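The data block below is structure_16.pdb; it holds PDB, C-alpha atoms.
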```
ATOM      1  CA  GLN A   1      53.498-101.675  51.635
ATOM      2  CA  VAL A   2      50.324-100.015  52.873
ATOM      3  CA  GLN A   3      47.271-102.006  53.858
ATOM      4  CA  LEU A   4      43.861-100.353  53.789
ATOM      5  CA  VAL A   5      40.732-101.748  55.409
ATOM      6  CA  GLU A   6      37.345-100.121  54.911
ATOM      7  CA  SER A   7      34.374-100.476  57.224
ATOM      8  CA  GLY A   8      31.040 -98.852  57.896
ATOM      9  CA  GLY A   9      29.049 -99.861  54.859
ATOM     10  CA  GLY A  10      25.563-101.269  55.091
ATOM     11  CA  LEU A  11      21.946-101.119  53.997
ATOM     12  CA  VAL A  12      20.108 -97.865  54.620
ATOM     13  CA  GLN A  13      17.022 -96.114  53.340
ATOM     14  CA  ALA A  14      17.100 -93.051  51.128
ATOM     15  CA  GLY A  15      17.789 -89.918  53.142
ATOM     16  CA  GLU A  16      19.743 -91.702  55.850
ATOM     17  CA  SER A  17      23.452 -91.437  56.624
ATOM     18  CA  LEU A  18      26.515 -93.646  56.840
ATOM     19  CA  ARG A  19      30.072 -93.036  57.935
ATOM     20  CA  LEU A  20      32.746 -95.033  56.193
ATOM     21  CA  SER A  21      36.141 -95.538  57.752
ATOM     22  CA  CYS A  22      39.401 -96.659  56.212
ATOM     23  CA  ALA A  23      42.183 -97.773  58.521
ATOM     24  CA  ALA A  24      45.719 -97.784  57.162
ATOM     25  CA  SER A  25      48.714 -99.738  58.327
ATOM     26  CA  GLY A  26      52.193-100.577  57.124
ATOM     27  CA  GLY A  27      53.277 -97.129  56.067
ATOM     28  CA  THR A  28      53.536 -93.496  57.076
ATOM     29  CA  PHE A  29      49.913 -92.439  56.737
ATOM     30  CA  SER A  30      50.640 -88.729  56.584
ATOM     31  CA  SER A  31      52.803 -89.339  53.493
ATOM     32  CA  TYR A  32      49.733 -90.177  51.434
ATOM     33  CA  TYR A  33      46.884 -88.365  49.834
ATOM     34  CA  MET A  34      43.749 -90.390  50.495
ATOM     35  CA  GLY A  35      40.811 -90.881  48.206
ATOM     36  CA  TRP A  36      37.417 -92.547  48.121
ATOM     37  CA  PHE A  37      36.103 -94.158  44.968
ATOM     38  CA  ARG A  38      33.015 -96.208  44.259
ATOM     39  CA  GLN A  39      31.943 -98.809  41.751
ATOM     40  CA  ALA A  40      28.408 -99.880  40.998
ATOM     41  CA  PRO A  41      27.642-103.174  39.218
ATOM     42  CA  GLY A  42      28.336-102.889  35.513
ATOM     43  CA  LYS A  43      29.917 -99.464  35.863
ATOM     44  CA  GLU A  44      33.449 -98.168  35.996
ATOM     45  CA  ARG A  45      35.064 -97.136  39.241
ATOM     46  CA  GLU A  46      34.512 -93.428  39.840
ATOM     47  CA  PHE A  47      36.071 -90.760  41.987
ATOM     48  CA  VAL A  48      34.118 -89.631  45.042
ATOM     49  CA  ALA A  49      36.475 -87.449  47.100
ATOM     50  CA  HIS A  50      40.078 -86.961  48.082
ATOM     51  CA  ILE A  51      41.980 -85.185  50.810
ATOM     52  CA  SER A  52      45.506 -83.862  51.109
ATOM     53  CA  TRP A  53      47.985 -85.266  53.597
ATOM     54  CA  SER A  54      47.318 -82.408  56.010
ATOM     55  CA  GLY A  55      43.560 -82.400  55.509
ATOM     56  CA  SER A  56      43.590 -78.787  54.400
ATOM     57  CA  TYR A  57      42.599 -79.534  50.794
ATOM     58  CA  LYS A  58      39.567 -81.562  49.786
ATOM     59  CA  ARG A  59      37.815 -82.160  46.525
ATOM     60  CA  TYR A  60      34.526 -83.851  45.720
ATOM     61  CA  ALA A  61      32.857 -85.276  42.659
ATOM     62  CA  ASP A  62      30.030 -83.178  41.276
ATOM     63  CA  PHE A  63      27.404 -85.742  42.231
ATOM     64  CA  VAL A  64      28.241 -85.336  45.914
ATOM     65  CA  GLN A  65      26.460 -81.963  45.939
ATOM     66  CA  GLY A  66      27.415 -81.149  49.515
ATOM     67  CA  ARG A  67      26.142 -84.428  50.957
ATOM     68  CA  PHE A  68      29.499 -86.107  51.730
ATOM     69  CA  THR A  69      32.439 -84.991  53.846
ATOM     70  CA  ILE A  70      35.912 -86.506  53.713
ATOM     71  CA  SER A  71      38.224 -86.167  56.708
ATOM     72  CA  ARG A  72      41.295 -87.816  58.111
ATOM     73  CA  ASP A  73      42.920 -88.376  61.478
ATOM     74  CA  ASN A  74      46.637 -88.873  60.978
ATOM     75  CA  GLY A  75      47.043 -89.840  64.625
ATOM     76  CA  LYS A  76      44.692 -92.768  64.064
ATOM     77  CA  ASN A  77      45.847 -93.539  60.512
ATOM     78  CA  THR A  78      42.248 -93.339  59.385
ATOM     79  CA  VAL A  79      40.300 -91.547  56.684
ATOM     80  CA  TYR A  80      36.543 -91.107  56.861
ATOM     81  CA  LEU A  81      33.703 -90.458  54.491
ATOM     82  CA  GLN A  82      30.580 -89.080  56.127
ATOM     83  CA  MET A  83      27.658 -89.579  53.735
ATOM     84  CA  ASN A  84      24.378 -87.809  54.420
ATOM     85  CA  ASN A  85      21.097 -87.752  52.547
ATOM     86  CA  LEU A  86      21.953 -90.941  50.720
ATOM     87  CA  ARG A  87      20.197 -91.773  47.475
ATOM     88  CA  PRO A  88      19.586 -95.093  45.701
ATOM     89  CA  ALA A  89      22.074 -93.896  43.049
ATOM     90  CA  ASP A  90      24.780 -93.974  45.735
ATOM     91  CA  THR A  91      24.517 -97.758  45.914
ATOM     92  CA  ALA A  92      27.978 -99.137  45.169
ATOM     93  CA  THR A  93      31.065-100.700  46.626
ATOM     94  CA  TYR A  94      33.158 -97.944  48.163
ATOM     95  CA  PHE A  95      36.951 -98.164  48.108
ATOM     96  CA  CYS A  96      39.568 -96.097  49.823
ATOM     97  CA  ALA A  97      42.909 -95.565  48.152
ATOM     98  CA  ALA A  98      46.283 -94.064  48.981
ATOM     99  CA  GLN A  99      48.407 -91.940  46.671
ATOM    100  CA  LEU A 100      51.988 -91.310  47.736
ATOM    101  CA  PHE A 101      52.706 -87.641  48.271
ATOM    102  CA  VAL A 102      55.103 -86.193  45.730
ATOM    103  CA  ALA A 103      56.189 -82.542  45.915
ATOM    104  CA  GLY A 104      54.469 -80.537  43.198
ATOM    105  CA  VAL A 105      51.888 -83.222  42.447
ATOM    106  CA  GLY A 106      48.427 -82.875  43.885
ATOM    107  CA  PRO A 107      45.927 -85.579  44.770
ATOM    108  CA  ALA A 108      44.401 -87.257  41.750
ATOM    109  CA  THR A 109      40.879 -88.026  40.614
ATOM    110  CA  GLU A 110      42.078 -90.846  38.348
ATOM    111  CA  SER A 111      42.088 -94.229  40.031
ATOM    112  CA  SER A 112      45.238 -95.203  38.128
ATOM    113  CA  LYS A 113      47.231 -92.618  40.090
ATOM    114  CA  TYR A 114      46.636 -94.332  43.414
ATOM    115  CA  ASP A 115      49.178 -96.768  44.767
ATOM    116  CA  TYR A 116      47.213 -98.822  47.290
ATOM    117  CA  TRP A 117      43.603 -99.924  47.591
ATOM    118  CA  GLY A 118      41.336-101.418  50.175
ATOM    119  CA  GLN A 119      39.009-104.323  49.518
ATOM    120  CA  GLY A 120      35.889-102.175  49.546
ATOM    121  CA  THR A 121      32.759-101.894  51.637
ATOM    122  CA  GLN A 122      29.243-102.255  50.240
ATOM    123  CA  VAL A 123      26.748 -99.413  50.529
ATOM    124  CA  THR A 124      23.166-100.140  49.547
ATOM    125  CA  VAL A 125      20.506 -97.454  49.624
ATOM    126  CA  SER A 126      16.901 -98.492  49.263
ATOM    127  CA  SER A 127      14.150 -96.196  48.045
TER     128      SER A 127
END
```
Could you quickly redo this structure as structure tokens?
Amino acid sequence: QVQLVESGGGLVQAGESLRLSCAASGGTFSSYYMGWFRQAPGKEREFVAHISWSGSYKRYADFVQGRFTISRDNGKNTVYLQMNNLRPADTATYFCAAQLFVAGVGPATESSKYDYWGQGTQVTVSS
């Protein structure tokens, strides 16, 4: 059983930055692909970014447009999401998720493919 705890959310103005962290415990962190998703009020949860177990492969949603960077530190069992040039449309609860590595299966963009979830951290961007 893997436990995930996000932190780093907050209230910022448009154009500012935040760095989200997700600390994992209870499992072998390097055995998991890690993803970030977000959910705004009244909307479905959507994919933001994911990263392979080694960190060598990353993928971002189209709306990121070069503003966010996902990274991981397997020694610290932590995945990060650096968010720059934030926009009011980025306002949402951000969740990290873990997908167990399976040979031949890459990291997913569908939330249903992830095995464990954190409780979320709120990001609010004012205009």
Between A:Thr78, A:Thr69, A:Thr124, A:Ser31, single out the one closest to Leu4 in chain A, counting only C-alpha atoms.
->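 Comparing A:Thr78, A:Thr69, A:Thr124, A:Ser31 against Leu4 in chain A, the winner is A:Thr78.
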Where does the PyMOL selection byres ((chain A and resi 45) around 12) land in this file, that is, which residues does it pick, as an MDAnalysis selection string?
-> chainID A and resid 36:44 46:48 92:97 109:112 120
Residue members of the PyMOL selection byres ((chain A and resi 20) around 6) in the file shown, as a PyMOL selection string = chain A and resi 7-8+19+21+80-81
With all atoms listed in the file as the atoms that count, which of A:Gln1, A:Gln122, A:Pro88, A:Pro107 lies nearest to Ser25 in chain A?
->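 Looking at the shortest contact to Ser25 in chain A, the residue is A:Gln1.
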Which residues match the PyMOL selection byres ((chain A and resi 52-66) around 9) in the file above, as a PyMOL selection string?
-> chain A and resi 29-35+46-51+67-74+83-84+101+106-107+109
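Of the residues under consideration (A:Thr91, A:Asn85, A:Ser126, A:Gln119), A:Gln119 shows the shortest atom-to-atom contact distance to Ala23 in chain A when counting all atoms listed in the file.
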Between CA of Asn77 in chain A and CA of Glu6 in chain A, measure the distance and give it in Å to one decimal.
->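 Distance reported for this atom pair: 12.1 Å.
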Nearest candidate to Lys76 in chain A (options A:Cys22, A:Val125, A:Ala89, A:Val12; using only C-alpha atoms) =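 Of all the options, A:Cys22 lies closest to Lys76 in chain A.
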Centre and edge lengths, as JSON, for the axis-aligned box enclosing every listed atom of range 87-93 of chain A with 5 Å of padding on each of the six sides, in Å to one decimal?
```
{"center_x": 25.3, "center_y": -96.2, "center_z": 45.3, "size_x": 21.5, "size_y": 18.9, "size_z": 14.4}
```
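Of the residues under consideration (A:Gly26, A:Gln99, A:Lys113, A:Gln82), A:Gly26 shows the shortest atom-to-atom contact distance to Val2 in chain A when counting all atoms listed in the file.
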Using only C-alpha atoms, which residue out of A:Leu11, A:Gln3, A:Gly104, A:Tyr116 lies closest to Arg87 in chain A?
-> A:Leu11
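From CA of Gly27 in chain A back to CA of Leu100 in chain A, the distance works out to 10.2 Å.
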Which distance in Å separates CA of Glu16 in chain A and CA of Val123 in chain A, to one decimal?
->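 Interatomic distance here is 11.7 Å.
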Export: range 83-97 of chain A, N, CA, C and O atoms, as a PDB file, in the first residue's frame:
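Final file, decode.pdb:
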```pdb
ATOM      1  N   MET A  83       5.375  24.809 -11.360  1.00  0.00           N
ATOM      2  CA  MET A  83       4.391  25.502 -12.199  1.00  0.00           C
ATOM      3  C   MET A  83       4.755  26.975 -12.277  1.00  0.00           C
ATOM      4  O   MET A  83       4.778  27.670 -11.252  1.00  0.00           O
ATOM      5  N   ASN A  84       5.056  27.432 -13.466  1.00  0.00           N
ATOM      6  CA  ASN A  84       5.418  28.825 -13.702  1.00  0.00           C
ATOM      7  C   ASN A  84       4.339  29.510 -14.520  1.00  0.00           C
ATOM      8  O   ASN A  84       3.539  28.859 -15.199  1.00  0.00           O
ATOM      9  N   ASN A  85       4.354  30.832 -14.470  1.00  0.00           N
ATOM     10  CA  ASN A  85       3.412  31.625 -15.257  1.00  0.00           C
ATOM     11  C   ASN A  85       1.974  31.114 -15.084  1.00  0.00           C
ATOM     12  O   ASN A  85       1.272  30.868 -16.075  1.00  0.00           O
ATOM     13  N   LEU A  86       1.571  30.975 -13.861  1.00  0.00           N
ATOM     14  CA  LEU A  86       0.246  30.443 -13.576  1.00  0.00           C
ATOM     15  C   LEU A  86      -0.858  31.373 -14.064  1.00  0.00           C
ATOM     16  O   LEU A  86      -0.695  32.598 -14.087  1.00  0.00           O
ATOM     17  N   ARG A  87      -1.953  30.750 -14.446  1.00  0.00           N
ATOM     18  CA  ARG A  87      -3.115  31.471 -14.972  1.00  0.00           C
ATOM     19  C   ARG A  87      -4.333  31.176 -14.110  1.00  0.00           C
ATOM     20  O   ARG A  87      -4.388  30.120 -13.465  1.00  0.00           O
ATOM     21  N   PRO A  88      -5.334  32.048 -14.110  1.00  0.00           N
ATOM     22  CA  PRO A  88      -6.559  31.736 -13.355  1.00  0.00           C
ATOM     23  C   PRO A  88      -7.173  30.393 -13.759  1.00  0.00           C
ATOM     24  O   PRO A  88      -7.750  29.696 -12.913  1.00  0.00           O
ATOM     25  N   ALA A  89      -7.015  29.997 -15.024  1.00  0.00           N
ATOM     26  CA  ALA A  89      -7.562  28.718 -15.486  1.00  0.00           C
ATOM     27  C   ALA A  89      -6.866  27.521 -14.854  1.00  0.00           C
ATOM     28  O   ALA A  89      -7.356  26.391 -14.960  1.00  0.00           O
ATOM     29  N   ASP A  90      -5.726  27.744 -14.218  1.00  0.00           N
ATOM     30  CA  ASP A  90      -5.016  26.654 -13.536  1.00  0.00           C
ATOM     31  C   ASP A  90      -5.575  26.392 -12.133  1.00  0.00           C
ATOM     32  O   ASP A  90      -5.133  25.460 -11.461  1.00  0.00           O
ATOM     33  N   THR A  91      -6.507  27.200 -11.700  1.00  0.00           N
ATOM     34  CA  THR A  91      -7.115  27.006 -10.391  1.00  0.00           C
ATOM     35  C   THR A  91      -7.810  25.657 -10.320  1.00  0.00           C
ATOM     36  O   THR A  91      -8.681  25.350 -11.135  1.00  0.00           O
ATOM     37  N   ALA A  92      -7.399  24.849  -9.347  1.00  0.00           N
ATOM     38  CA  ALA A  92      -7.932  23.487  -9.214  1.00  0.00           C
ATOM     39  C   ALA A  92      -7.307  22.831  -7.990  1.00  0.00           C
ATOM     40  O   ALA A  92      -6.352  23.362  -7.407  1.00  0.00           O
ATOM     41  N   THR A  93      -7.839  21.679  -7.647  1.00  0.00           N
ATOM     42  CA  THR A  93      -7.165  20.811  -6.696  1.00  0.00           C
ATOM     43  C   THR A  93      -6.239  19.896  -7.485  1.00  0.00           C
ATOM     44  O   THR A  93      -6.676  19.266  -8.455  1.00  0.00           O
ATOM     45  N   TYR A  94      -4.989  19.852  -7.082  1.00  0.00           N
ATOM     46  CA  TYR A  94      -3.991  19.056  -7.785  1.00  0.00           C
ATOM     47  C   TYR A  94      -3.707  17.777  -6.991  1.00  0.00           C
ATOM     48  O   TYR A  94      -3.471  17.827  -5.779  1.00  0.00           O
ATOM     49  N   PHE A  95      -3.728  16.667  -7.711  1.00  0.00           N
ATOM     50  CA  PHE A  95      -3.529  15.345  -7.117  1.00  0.00           C
ATOM     51  C   PHE A  95      -2.311  14.674  -7.728  1.00  0.00           C
ATOM     52  O   PHE A  95      -2.112  14.748  -8.946  1.00  0.00           O
ATOM     53  N   CYS A  96      -1.538  14.015  -6.910  1.00  0.00           N
ATOM     54  CA  CYS A  96      -0.526  13.128  -7.472  1.00  0.00           C
ATOM     55  C   CYS A  96      -1.046  11.696  -7.406  1.00  0.00           C
ATOM     56  O   CYS A  96      -1.905  11.369  -6.575  1.00  0.00           O
ATOM     57  N   ALA A  97      -0.526  10.873  -8.288  1.00  0.00           N
ATOM     58  CA  ALA A  97      -0.991   9.498  -8.390  1.00  0.00           C
ATOM     59  C   ALA A  97       0.163   8.595  -8.792  1.00  0.00           C
ATOM     60  O   ALA A  97       1.105   9.044  -9.457  1.00  0.00           O
TER      61      ALA A  97
END
```
